[in-house]
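Q: Below is run_17.cif; it holds mmCIF, C-alpha atoms, pLDDT in the B column; chains and numbers go by the auth columns.
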data_upload
loop_
_atom_site.group_PDB
_atom_site.id
_atom_site.type_symbol
_atom_site.label_atom_id
_atom_site.label_comp_id
_atom_site.label_asym_id
_atom_site.label_seq_id
_atom_site.Cartn_x
_atom_site.Cartn_y
_atom_site.Cartn_z
_atom_site.B_iso_or_equiv
_atom_site.auth_seq_id
_atom_site.auth_asym_id
ATOM 1 C CA MET A 1 14.800 -40.861 -18.389 42.00 23 Y
ATOM 2 C CA SER A 2 14.347 -37.098 -18.448 46.00 24 Y
ATOM 3 C CA ALA A 3 11.084 -35.313 -17.730 58.00 25 Y
ATOM 4 C CA GLU A 4 10.509 -34.566 -21.408 82.00 26 Y
ATOM 5 C CA LYS A 5 7.335 -35.729 -23.107 89.00 27 Y
ATOM 6 C CA VAL A 6 7.396 -39.400 -24.051 94.00 28 Y
ATOM 7 C CA ILE A 7 4.144 -39.174 -26.028 94.00 29 Y
ATOM 8 C CA GLU A 8 2.811 -36.106 -27.809 96.00 30 Y
ATOM 9 C CA ILE A 9 -0.492 -36.217 -29.704 96.00 31 Y
ATOM 10 C CA ARG A 10 -1.957 -33.333 -31.669 96.00 32 Y
ATOM 11 C CA ASP A 11 -5.457 -33.103 -33.181 96.00 33 Y
ATOM 12 C CA LEU A 12 -5.745 -36.879 -33.548 95.00 34 Y
ATOM 13 C CA LYS A 13 -8.752 -37.952 -35.591 94.00 35 Y
ATOM 14 C CA MET A 14 -9.781 -41.364 -36.854 93.00 36 Y
ATOM 15 C CA LYS A 15 -12.751 -42.838 -38.671 88.00 37 Y
ATOM 16 C CA TYR A 16 -13.128 -46.289 -40.149 83.00 38 Y
ATOM 17 C CA SER A 17 -14.966 -45.327 -43.356 75.00 39 Y
ATOM 18 C CA HIS A 18 -15.163 -42.252 -45.567 68.00 40 Y
ATOM 19 C CA ASP A 19 -18.810 -41.652 -44.724 68.00 41 Y
ATOM 20 C CA GLY A 20 -18.661 -42.762 -41.106 78.00 42 Y
ATOM 21 C CA GLU A 21 -18.432 -40.760 -37.898 83.00 43 Y
ATOM 22 C CA TYR A 22 -15.112 -40.033 -36.253 88.00 44 Y
ATOM 23 C CA VAL A 23 -14.142 -42.561 -33.585 91.00 45 Y
ATOM 24 C CA LEU A 24 -11.577 -40.015 -32.397 93.00 46 Y
ATOM 25 C CA ASN A 25 -12.358 -36.363 -32.981 92.00 47 Y
ATOM 26 C CA GLY A 26 -9.449 -34.117 -32.087 94.00 48 Y
ATOM 27 C CA ILE A 27 -7.377 -35.657 -29.286 94.00 49 Y
ATOM 28 C CA ASP A 28 -4.501 -33.637 -27.796 95.00 50 Y
ATOM 29 C CA LEU A 29 -2.251 -35.286 -25.216 94.00 51 Y
ATOM 30 C CA ASP A 30 1.123 -34.703 -23.592 94.00 52 Y
ATOM 31 C CA ILE A 31 2.437 -37.645 -21.573 94.00 53 Y
ATOM 32 C CA THR A 32 5.523 -37.489 -19.355 93.00 54 Y
ATOM 33 C CA PRO A 33 7.524 -40.265 -17.651 94.00 55 Y
ATOM 34 C CA GLY A 34 6.330 -41.764 -14.383 93.00 56 Y
ATOM 35 C CA GLN A 35 2.613 -41.298 -14.926 94.00 57 Y
ATOM 36 C CA ILE A 36 0.041 -44.047 -14.459 95.00 58 Y
ATOM 37 C CA ILE A 37 -2.721 -42.916 -16.770 95.00 59 Y
ATOM 38 C CA GLY A 38 -6.188 -44.323 -16.296 93.00 60 Y
ATOM 39 C CA TYR A 39 -7.594 -44.128 -19.822 92.00 61 Y
ATOM 40 C CA ILE A 40 -11.323 -44.682 -19.495 89.00 62 Y
ATOM 41 C CA GLY A 41 -14.588 -44.199 -21.349 87.00 63 Y
ATOM 42 C CA PRO A 42 -17.729 -46.004 -22.523 86.00 64 Y
ATOM 43 C CA ASN A 43 -17.553 -48.753 -25.134 84.00 65 Y
ATOM 44 C CA GLY A 44 -16.872 -47.180 -28.511 84.00 66 Y
ATOM 45 C CA ALA A 45 -15.358 -44.010 -27.022 86.00 67 Y
ATOM 46 C CA GLY A 46 -12.054 -44.612 -28.838 89.00 68 Y
ATOM 47 C CA LYS A 47 -9.812 -45.952 -26.059 89.00 69 Y
ATOM 48 C CA THR A 48 -8.479 -49.039 -27.823 88.00 70 Y
ATOM 49 C CA THR A 49 -8.251 -47.127 -31.106 91.00 71 Y
ATOM 50 C CA THR A 50 -5.991 -44.569 -29.421 92.00 72 Y
ATOM 51 C CA LEU A 51 -3.694 -47.276 -28.063 90.00 73 Y
ATOM 52 C CA LYS A 52 -3.488 -49.062 -31.418 90.00 74 Y
ATOM 53 C CA LEU A 53 -2.687 -45.809 -33.219 92.00 75 Y
ATOM 54 C CA ILE A 54 0.154 -45.013 -30.801 92.00 76 Y
ATOM 55 C CA LEU A 55 1.439 -48.555 -31.350 89.00 77 Y
ATOM 56 C CA ASN A 56 1.222 -47.980 -35.116 88.00 78 Y
ATOM 57 C CA LEU A 57 -1.149 -50.932 -35.519 88.00 79 Y
ATOM 58 C CA LEU A 58 -3.707 -48.852 -37.440 89.00 80 Y
ATOM 59 C CA GLU A 59 -3.383 -46.510 -40.404 87.00 81 Y
ATOM 60 C CA GLY A 60 -5.489 -43.740 -41.907 88.00 82 Y
ATOM 61 C CA TYR A 61 -5.550 -41.275 -39.019 92.00 83 Y
ATOM 62 C CA GLU A 62 -5.344 -37.492 -39.132 93.00 84 Y
ATOM 63 C CA GLY A 63 -3.088 -35.423 -36.877 95.00 85 Y
ATOM 64 C CA THR A 64 0.326 -36.292 -35.440 95.00 86 Y
ATOM 65 C CA ILE A 65 1.588 -38.846 -32.929 95.00 87 Y
ATOM 66 C CA SER A 66 5.133 -38.604 -31.587 94.00 88 Y
ATOM 67 C CA VAL A 67 6.710 -41.181 -29.274 94.00 89 Y
ATOM 68 C CA PHE A 68 10.083 -40.387 -27.677 92.00 90 Y
ATOM 69 C CA GLY A 69 10.194 -37.330 -29.943 90.00 91 Y
ATOM 70 C CA GLN A 70 9.766 -39.412 -33.087 90.00 92 Y
ATOM 71 C CA ASN A 71 6.805 -38.927 -35.428 92.00 93 Y
ATOM 72 C CA ILE A 72 5.542 -42.478 -35.887 90.00 94 Y
ATOM 73 C CA ALA A 73 4.374 -41.651 -39.434 88.00 95 Y
ATOM 74 C CA MET A 74 8.060 -41.652 -40.445 84.00 96 Y
ATOM 75 C CA GLU A 75 7.780 -45.467 -40.504 72.00 97 Y
ATOM 76 C CA LYS A 76 10.656 -46.087 -38.153 74.00 98 Y
ATOM 77 C CA VAL A 77 9.948 -48.865 -35.670 78.00 99 Y
ATOM 78 C CA ASP A 78 12.881 -48.594 -33.270 86.00 100 Y
ATOM 79 C CA TYR A 79 10.686 -46.901 -30.649 88.00 101 Y
ATOM 80 C CA LYS A 80 8.647 -50.101 -30.366 89.00 102 Y
ATOM 81 C CA TYR A 81 11.542 -51.814 -28.599 92.00 103 Y
ATOM 82 C CA ARG A 82 10.813 -49.500 -25.669 94.00 104 Y
ATOM 83 C CA ILE A 83 7.095 -50.336 -25.502 94.00 105 Y
ATOM 84 C CA GLY A 84 5.125 -53.179 -23.898 94.00 106 Y
ATOM 85 C CA TYR A 85 1.500 -53.993 -24.700 94.00 107 Y
ATOM 86 C CA VAL A 86 -1.190 -56.238 -23.225 92.00 108 Y
ATOM 87 C CA PRO A 87 -4.252 -56.133 -25.528 89.00 109 Y
ATOM 88 C CA GLU A 88 -7.753 -56.714 -24.245 84.00 110 Y
ATOM 89 C CA HIS A 89 -8.103 -59.878 -26.318 81.00 111 Y
ATOM 90 C CA GLY A 90 -4.536 -61.049 -26.611 78.00 112 Y
ATOM 91 C CA GLU A 91 -3.829 -64.048 -28.792 82.00 113 Y
ATOM 92 C CA LEU A 92 -1.088 -66.487 -27.910 89.00 114 Y
ATOM 93 C CA TYR A 93 0.677 -69.103 -29.978 92.00 115 Y
ATOM 94 C CA GLU A 94 -1.032 -71.953 -28.207 93.00 116 Y
ATOM 95 C CA ASN A 95 1.010 -74.706 -29.846 95.00 117 Y
ATOM 96 C CA LEU A 96 4.095 -73.310 -28.141 96.00 118 Y
ATOM 97 C CA THR A 97 5.030 -73.925 -24.535 97.00 119 Y
ATOM 98 C CA GLY A 98 5.053 -70.999 -22.137 96.00 120 Y
ATOM 99 C CA TYR A 99 8.847 -71.019 -22.191 96.00 121 Y
ATOM 100 C CA GLU A 100 8.966 -70.970 -25.986 96.00 122 Y
ATOM 101 C CA MET A 101 6.536 -68.052 -26.113 96.00 123 Y
ATOM 102 C CA LEU A 102 8.561 -65.982 -23.654 96.00 124 Y
ATOM 103 C CA GLU A 103 11.794 -66.901 -25.405 96.00 125 Y
ATOM 104 C CA PHE A 104 10.250 -65.792 -28.719 95.00 126 Y
ATOM 105 C CA PHE A 105 9.209 -62.401 -27.290 95.00 127 Y
ATOM 106 C CA GLY A 106 12.551 -61.962 -25.571 95.00 128 Y
ATOM 107 C CA LYS A 107 14.388 -62.470 -28.846 94.00 129 Y
ATOM 108 C CA ILE A 108 12.057 -60.108 -30.728 93.00 130 Y
ATOM 109 C CA TYR A 109 12.774 -57.409 -28.142 93.00 131 Y
ATOM 110 C CA LYS A 110 16.527 -58.153 -28.193 92.00 132 Y
ATOM 111 C CA VAL A 111 16.853 -59.266 -24.592 93.00 133 Y
ATOM 112 C CA LYS A 112 20.429 -60.425 -24.085 92.00 134 Y
ATOM 113 C CA LYS A 113 20.699 -64.171 -24.548 88.00 135 Y
ATOM 114 C CA GLU A 114 22.609 -64.724 -21.304 86.00 136 Y
ATOM 115 C CA ALA A 115 19.870 -62.914 -19.315 93.00 137 Y
ATOM 116 C CA LEU A 116 16.776 -64.268 -21.060 95.00 138 Y
ATOM 117 C CA ASP A 117 16.626 -67.764 -19.551 94.00 139 Y
ATOM 118 C CA SER A 118 17.108 -66.405 -16.036 94.00 140 Y
ATOM 119 C CA LYS A 119 14.442 -63.740 -16.564 94.00 141 Y
ATOM 120 C CA ILE A 120 11.919 -66.272 -17.836 95.00 142 Y
ATOM 121 C CA LYS A 121 12.437 -68.576 -14.863 94.00 143 Y
ATOM 122 C CA ARG A 122 12.344 -65.802 -12.258 93.00 144 Y
ATOM 123 C CA LEU A 123 9.315 -63.958 -13.642 94.00 145 Y
ATOM 124 C CA THR A 124 7.201 -67.081 -14.136 94.00 146 Y
ATOM 125 C CA ALA A 125 8.094 -68.313 -10.647 94.00 147 Y
ATOM 126 C CA LEU A 126 7.044 -64.995 -9.135 92.00 148 Y
ATOM 127 C CA PHE A 127 3.750 -65.189 -11.042 92.00 149 Y
ATOM 128 C CA LYS A 128 3.401 -68.872 -10.045 93.00 150 Y
ATOM 129 C CA ILE A 129 3.188 -70.366 -13.537 95.00 151 Y
ATOM 130 C CA ASP A 130 6.688 -71.883 -13.579 95.00 152 Y
ATOM 131 C CA ASP A 131 5.331 -75.398 -12.968 95.00 153 Y
ATOM 132 C CA SER A 132 3.608 -75.232 -16.375 95.00 154 Y
ATOM 133 C CA LEU A 133 6.420 -73.453 -18.195 95.00 155 Y
ATOM 134 C CA HIS A 134 7.174 -76.389 -20.489 96.00 156 Y
ATOM 135 C CA GLU A 135 3.546 -77.315 -21.182 96.00 157 Y
ATOM 136 C CA ARG A 136 1.653 -76.142 -24.250 97.00 158 Y
ATOM 137 C CA ILE A 137 -0.185 -72.860 -23.787 96.00 159 Y
ATOM 138 C CA SER A 138 -3.378 -74.530 -25.042 96.00 160 Y
ATOM 139 C CA SER A 139 -3.538 -76.334 -21.691 96.00 161 Y
ATOM 140 C CA TYR A 140 -3.309 -73.101 -19.663 95.00 162 Y
ATOM 141 C CA SER A 141 -6.233 -71.589 -17.775 94.00 163 Y
ATOM 142 C CA LYS A 142 -7.432 -68.086 -18.655 93.00 164 Y
ATOM 143 C CA GLY A 143 -5.567 -66.624 -15.703 94.00 165 Y
ATOM 144 C CA MET A 144 -2.330 -68.371 -16.632 95.00 166 Y
ATOM 145 C CA LYS A 145 -2.576 -67.074 -20.189 95.00 167 Y
ATOM 146 C CA GLN A 146 -3.114 -63.553 -18.883 94.00 168 Y
ATOM 147 C CA LYS A 147 -0.049 -63.831 -16.657 95.00 169 Y
ATOM 148 C CA LEU A 148 1.949 -65.009 -19.650 96.00 170 Y
ATOM 149 C CA LEU A 149 0.780 -62.001 -21.696 95.00 171 Y
ATOM 150 C CA ILE A 150 1.790 -59.647 -18.886 95.00 172 Y
ATOM 151 C CA ILE A 151 5.261 -61.188 -18.637 95.00 173 Y
ATOM 152 C CA CYS A 152 5.628 -60.996 -22.445 95.00 174 Y
ATOM 153 C CA SER A 153 4.898 -57.270 -22.260 95.00 175 Y
ATOM 154 C CA LEU A 154 7.448 -56.677 -19.499 95.00 176 Y
ATOM 155 C CA ILE A 155 10.313 -59.029 -20.289 95.00 177 Y
ATOM 156 C CA HIS A 156 12.362 -56.370 -22.122 95.00 178 Y
ATOM 157 C CA ASN A 157 11.879 -53.781 -19.343 94.00 179 Y
ATOM 158 C CA PRO A 158 10.085 -51.218 -21.570 95.00 180 Y
ATOM 159 C CA ASP A 159 9.753 -47.498 -20.877 95.00 181 Y
ATOM 160 C CA ILE A 160 6.066 -47.268 -21.871 95.00 182 Y
ATOM 161 C CA LEU A 161 3.427 -49.877 -21.075 95.00 183 Y
ATOM 162 C CA PHE A 162 -0.061 -50.139 -22.520 95.00 184 Y
ATOM 163 C CA PHE A 163 -2.499 -52.312 -20.581 93.00 185 Y
ATOM 164 C CA ASP A 164 -5.993 -52.852 -22.000 90.00 186 Y
ATOM 165 C CA GLU A 165 -8.109 -54.672 -19.379 89.00 187 Y
ATOM 166 C CA PRO A 166 -5.027 -56.451 -17.970 91.00 188 Y
ATOM 167 C CA LEU A 167 -6.780 -58.044 -14.976 90.00 189 Y
ATOM 168 C CA ASN A 168 -8.981 -60.383 -17.033 88.00 190 Y
ATOM 169 C CA GLY A 169 -8.851 -63.823 -15.432 89.00 191 Y
ATOM 170 C CA LEU A 170 -6.400 -62.947 -12.653 91.00 192 Y
ATOM 171 C CA ASP A 171 -7.037 -64.168 -9.111 91.00 193 Y
ATOM 172 C CA ALA A 172 -7.158 -61.696 -6.206 91.00 194 Y
ATOM 173 C CA ASN A 173 -3.542 -62.281 -5.122 91.00 195 Y
ATOM 174 C CA SER A 174 -2.217 -61.801 -8.658 92.00 196 Y
ATOM 175 C CA VAL A 175 -4.247 -58.591 -9.020 91.00 197 Y
ATOM 176 C CA GLN A 176 -2.583 -57.239 -5.883 91.00 198 Y
ATOM 177 C CA VAL A 177 0.883 -58.199 -7.155 92.00 199 Y
ATOM 178 C CA PHE A 178 0.162 -56.617 -10.534 92.00 200 Y
ATOM 179 C CA LYS A 179 -0.943 -53.334 -8.949 91.00 201 Y
ATOM 180 C CA GLU A 180 2.258 -53.246 -6.879 92.00 202 Y
ATOM 181 C CA ILE A 181 4.328 -53.951 -10.000 92.00 203 Y
ATOM 182 C CA ILE A 182 2.946 -51.027 -11.987 93.00 204 Y
ATOM 183 C CA SER A 183 3.252 -48.708 -8.984 92.00 205 Y
ATOM 184 C CA MET A 184 6.943 -49.588 -8.648 93.00 206 Y
ATOM 185 C CA LEU A 185 7.525 -49.256 -12.396 94.00 207 Y
ATOM 186 C CA ALA A 186 6.015 -45.760 -12.353 93.00 208 Y
ATOM 187 C CA LYS A 187 8.366 -44.776 -9.512 93.00 209 Y
ATOM 188 C CA GLU A 188 11.233 -45.860 -11.760 93.00 210 Y
ATOM 189 C CA GLY A 189 10.038 -43.434 -14.433 93.00 211 Y
ATOM 190 C CA LYS A 190 8.054 -45.823 -16.598 95.00 212 Y
ATOM 191 C CA THR A 191 4.916 -44.474 -18.256 95.00 213 Y
ATOM 192 C CA ILE A 192 1.802 -46.634 -18.002 95.00 214 Y
ATOM 193 C CA PHE A 193 -1.439 -46.394 -19.968 93.00 215 Y
ATOM 194 C CA TYR A 194 -4.112 -48.348 -18.120 93.00 216 Y
ATOM 195 C CA SER A 195 -7.449 -48.830 -19.866 90.00 217 Y
ATOM 196 C CA SER A 196 -10.206 -50.583 -17.926 86.00 218 Y
ATOM 197 C CA HIS A 197 -13.888 -50.558 -17.014 84.00 219 Y
ATOM 198 C CA ILE A 198 -13.078 -51.486 -13.402 83.00 220 Y
ATOM 199 C CA MET A 199 -13.401 -48.000 -11.968 84.00 221 Y
ATOM 200 C CA ASP A 200 -12.300 -48.694 -8.401 85.00 222 Y
ATOM 201 C CA VAL A 201 -8.944 -50.074 -9.616 87.00 223 Y
ATOM 202 C CA VAL A 202 -8.415 -47.126 -11.979 88.00 224 Y
ATOM 203 C CA GLU A 203 -9.265 -44.746 -9.144 87.00 225 Y
ATOM 204 C CA LYS A 204 -6.739 -46.302 -6.773 88.00 226 Y
ATOM 205 C CA ILE A 205 -3.741 -46.780 -9.071 90.00 227 Y
ATOM 206 C CA SER A 206 -3.864 -43.801 -11.436 92.00 228 Y
ATOM 207 C CA SER A 207 -1.863 -40.621 -10.976 93.00 229 Y
ATOM 208 C CA ARG A 208 -3.800 -39.106 -13.884 94.00 230 Y
ATOM 209 C CA ILE A 209 -7.198 -40.029 -15.299 93.00 231 Y
ATOM 210 C CA ILE A 210 -8.285 -39.244 -18.848 92.00 232 Y
ATOM 211 C CA LEU A 211 -11.957 -39.710 -19.642 91.00 233 Y
ATOM 212 C CA LEU A 212 -12.907 -40.148 -23.266 90.00 234 Y
ATOM 213 C CA ASN A 213 -16.468 -39.810 -24.531 88.00 235 Y
ATOM 214 C CA LYS A 214 -17.629 -39.857 -28.162 88.00 236 Y
ATOM 215 C CA GLY A 215 -14.075 -39.501 -29.415 90.00 237 Y
ATOM 216 C CA LYS A 216 -13.182 -36.479 -27.294 91.00 238 Y
ATOM 217 C CA ILE A 217 -11.436 -35.933 -23.973 91.00 239 Y
ATOM 218 C CA VAL A 218 -14.049 -34.680 -21.514 88.00 240 Y
ATOM 219 C CA ALA A 219 -11.909 -34.841 -18.359 87.00 241 Y
ATOM 220 C CA ASP A 220 -8.183 -34.952 -17.629 90.00 242 Y
ATOM 221 C CA GLY A 221 -6.620 -34.752 -14.173 88.00 243 Y
ATOM 222 C CA THR A 222 -6.034 -36.548 -10.902 88.00 244 Y
ATOM 223 C CA PHE A 223 -8.955 -38.300 -9.262 83.00 245 Y
ATOM 224 C CA GLU A 224 -9.161 -35.517 -6.674 84.00 246 Y
ATOM 225 C CA GLU A 225 -9.337 -32.913 -9.444 82.00 247 Y
ATOM 226 C CA LEU A 226 -12.049 -34.820 -11.292 81.00 248 Y
ATOM 227 C CA LYS A 227 -13.994 -35.331 -8.075 77.00 249 Y
ATOM 228 C CA SER A 228 -13.834 -31.596 -7.273 77.00 250 Y
ATOM 229 C CA THR A 229 -15.712 -30.775 -10.487 69.00 251 Y
ATOM 230 C CA SER A 230 -18.480 -33.215 -9.664 66.00 252 Y
ATOM 231 C CA MET A 231 -21.068 -33.804 -6.960 58.00 253 Y
ATOM 232 C CA SER A 232 -19.862 -37.407 -6.802 63.00 254 Y
ATOM 233 C CA GLY A 233 -17.490 -39.189 -4.484 70.00 255 Y
ATOM 234 C CA THR A 234 -16.308 -42.099 -6.626 72.00 256 Y
ATOM 235 C CA LEU A 235 -14.778 -42.392 -10.076 75.00 257 Y
ATOM 236 C CA GLU A 236 -17.721 -44.539 -11.124 71.00 258 Y
ATOM 237 C CA SER A 237 -20.088 -41.691 -10.278 72.00 259 Y
ATOM 238 C CA VAL A 238 -17.875 -39.118 -11.995 71.00 260 Y
ATOM 239 C CA PHE A 239 -17.766 -41.371 -15.053 67.00 261 Y
ATOM 240 C CA SER A 240 -21.561 -41.655 -15.186 72.00 262 Y
ATOM 241 C CA GLU A 241 -22.064 -37.945 -14.666 69.00 263 Y
ATOM 242 C CA MET A 242 -19.588 -36.846 -17.341 66.00 264 Y
ATOM 243 C CA THR A 243 -20.777 -39.354 -19.925 69.00 265 Y
ATOM 244 C CA GLY A 244 -24.421 -38.524 -19.277 64.00 266 Y
ATOM 245 C CA PHE A 245 -25.376 -42.015 -18.129 63.00 267 Y
ATOM 246 C CA ASN A 246 -27.678 -41.886 -15.110 66.00 268 Y
ATOM 247 C CA GLU A 247 -30.124 -44.669 -15.844 68.00 269 Y
ATOM 248 C CA SER A 248 -28.395 -47.638 -14.211 67.00 270 Y
ATOM 249 C CA LYS A 249 -30.907 -48.039 -11.356 70.00 271 Y
ATOM 250 C CA GLU A 250 -33.908 -47.755 -13.670 77.00 272 Y
ATOM 251 C CA ILE A 251 -32.499 -50.256 -16.148 72.00 273 Y
ATOM 252 C CA ALA A 252 -31.581 -52.694 -13.363 74.00 274 Y
ATOM 253 C CA ALA A 253 -35.076 -52.424 -11.866 76.00 275 Y
ATOM 254 C CA ASP A 254 -36.705 -53.072 -15.261 78.00 276 Y
ATOM 255 C CA PHE A 255 -34.396 -56.052 -15.783 73.00 277 Y
ATOM 256 C CA VAL A 256 -35.217 -57.605 -12.402 76.00 278 Y
ATOM 257 C CA ASN A 257 -38.918 -57.001 -12.852 79.00 279 Y
ATOM 258 C CA SER A 258 -38.812 -58.601 -16.306 75.00 280 Y
ATOM 259 C CA LEU A 259 -37.497 -61.790 -14.716 78.00 281 Y
ATOM 260 C CA LYS A 260 -40.742 -62.059 -12.749 77.00 282 Y
ATOM 261 C CA ASP A 261 -43.058 -61.971 -15.770 66.00 283 Y
#
Have the structure of the file written as structure tokens, please.

A:
Amino acid sequence: MSAEKVIEIRDLKMKYSHDGEYVLNGIDLDITPGQIIGYIGPNGAGKTTTLKLILNLLEGYEGTISVFGQNIAMEKVDYKYRIGYVPEHGELYENLTGYEMLEFFGKIYKVKKEALDSKIKRLTALFKIDDSLHERISSYSKGMKQKLLIICSLIHNPDILFFDEPLNGLDANSVQVFKEIISMLAKEGKTIFYSSHIMDVVEKISSRIILLNKGKIVADGTFEELKSTSMSGTLESVFSEMTGFNESKEIAADFVNSLKD
């Protein structure tokens, strides 16, 4: 892929009712290949809304969103074949087996038939869920379901990946493997949106961090750049400072003291 912009967003605004406040209030973004973007912010800041708008899962926004140079409002969906997505609360077809689910996604994304079976077996073995591949998903643990969602998002080797809290339920070893996977994908020119509240992971894996607060971008840069504008030494501290939240110790103390009443 060339170094041209893969995502271009201009003056993106979104509200969920005519008399409501804007969830997004004028977002401008240029995203190029090979970036791991830590997309962070408090609950309600507009992170998931942004991802769903780029994926064309929501309507009624203002502004423009272009993916691979294509305005998504033109109602063409071919760009979606080059995208993978792990939602925060992903739903699976639990009456299917793991194999059937992956086969279904592979066919949707037009993975070549002769390669699909081999891919399913290799990827599930590497993620250590191959022993349960032909069991119904309803019998899977939370971690196994999360691994299945991740494989579903990657099976067609997409150029852009959107991960919304992708580590939910994963054990420590799988977290390490996942972090290595996205690092290698970025080196191959893939673009990765990573949305999470786990600040230390975002800090370590991201080449660019975008902080959203009240529907607006309040910080955009590498961790070192964000840290240089703050008195803080960690992304968690930068996050608190830029979102105006500095009451964690007081709230925790009140909580603990309330337990003693």

Q: Can you spell out as a PDB file with C-alpha atoms, keeping the file's coordinate frame the set of residues that the PyMOL selection byres ((chain Y and resi 175) around 9) selects in the structure I just provided?

A:
ATOM      1  CA  ILE Y 105       7.095 -50.336 -25.502  1.00 94.00           C
ATOM      2  CA  GLY Y 106       5.125 -53.179 -23.898  1.00 94.00           C
ATOM      3  CA  TYR Y 107       1.500 -53.993 -24.700  1.00 94.00           C
ATOM      4  CA  VAL Y 108      -1.190 -56.238 -23.225  1.00 92.00           C
ATOM      5  CA  PHE Y 127       9.209 -62.401 -27.290  1.00 95.00           C
ATOM      6  CA  LEU Y 170       1.949 -65.009 -19.650  1.00 96.00           C
ATOM      7  CA  LEU Y 171       0.780 -62.001 -21.696  1.00 95.00           C
ATOM      8  CA  ILE Y 172       1.790 -59.647 -18.886  1.00 95.00           C
ATOM      9  CA  ILE Y 173       5.261 -61.188 -18.637  1.00 95.00           C
ATOM     10  CA  CYS Y 174       5.628 -60.996 -22.445  1.00 95.00           C
ATOM     11  CA  LEU Y 176       7.448 -56.677 -19.499  1.00 95.00           C
ATOM     12  CA  ILE Y 177      10.313 -59.029 -20.289  1.00 95.00           C
ATOM     13  CA  HIS Y 178      12.362 -56.370 -22.122  1.00 95.00           C
ATOM     14  CA  ASN Y 179      11.879 -53.781 -19.343  1.00 94.00           C
ATOM     15  CA  PRO Y 180      10.085 -51.218 -21.570  1.00 95.00           C
ATOM     16  CA  LEU Y 183       3.427 -49.877 -21.075  1.00 95.00           C
ATOM     17  CA  PHE Y 184      -0.061 -50.139 -22.520  1.00 95.00           C
TER      18      PHE Y 184
END

Q: On this file, the PyMOL selection byres ((chain Y and resi 109-122) around 10) gives some set of residues; write that set as an MDAnalysis selection string.

A: chainID Y and resid 70 73:74 106:108 123:128 139 142:143 146 151:152 154:162 166:168 170:172 175 184:190 217:218

Q: Measuring between all atoms listed in the file, which one of Y:Glu247, Y:Lys236, Y:Glu81, Y:Ile87 shows the shortest distance to Asn47 (chain Y)?

A: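 Nearest to Asn47 (chain Y): Y:Lys236.
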
Q: Looking at all atoms listed in the file, which of Y:Leu34, Y:Ile58, Y:Ala275, Y:Leu145 is the one that sits closest to Ile182 (chain Y)?

A: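 Of the candidates, the smallest distance to Ile182 (chain Y) is held by Y:Ile58.
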
Q: Ranking Y:Met36, Y:Ser88, Y:Tyr61, Y:Gly165 by minimum distance to Ser228 (chain Y) and counting all atoms listed in the file, which one comes first?

A: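 Between Y:Met36, Y:Ser88, Y:Tyr61, Y:Gly165, the residue approaching Ser228 (chain Y) most closely is Y:Tyr61.
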
Q: CA of Leu192 (chain Y) and CA of Glu225 (chain Y) are how many Å apart?

A: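 Going from CA of Leu192 (chain Y) over to CA of Glu225 (chain Y) covers 18.8 Å.
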
Q: Enumerate, as an NGL selection string, the residues matched when the PyMOL selection byres ((chain Y and resi 67-69) around 7) is run on the file above.

A: :Y and (45-46 or 61-66 or 70-73 or 234-237)

Q: Arg230 (chain Y): which residues within 7 Å, counting all atoms listed in the file, same-chain residues fewer than 3 positions away excluded, as a ChimeraX atom specification?

A: /Y:57-60,243-245

Q: Near Asp52 (chain Y), within 8 Å and counting all atoms listed in the file, which residues show up once chain neighbours fewer than 6 positions away are dropped, as a list in words?

A: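 These residues fall inside the cut-off: Lys27, Val28, Ile29, Glu30 and Ile31 of chain Y.
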
Q: For CA of Ser140 (chain Y) and CA of Val197 (chain Y), quote the distance in Å rounded to one decimal.

A: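 Spanning CA of Ser140 (chain Y) to CA of Val197 (chain Y) is a straight-line distance of 23.8 Å.
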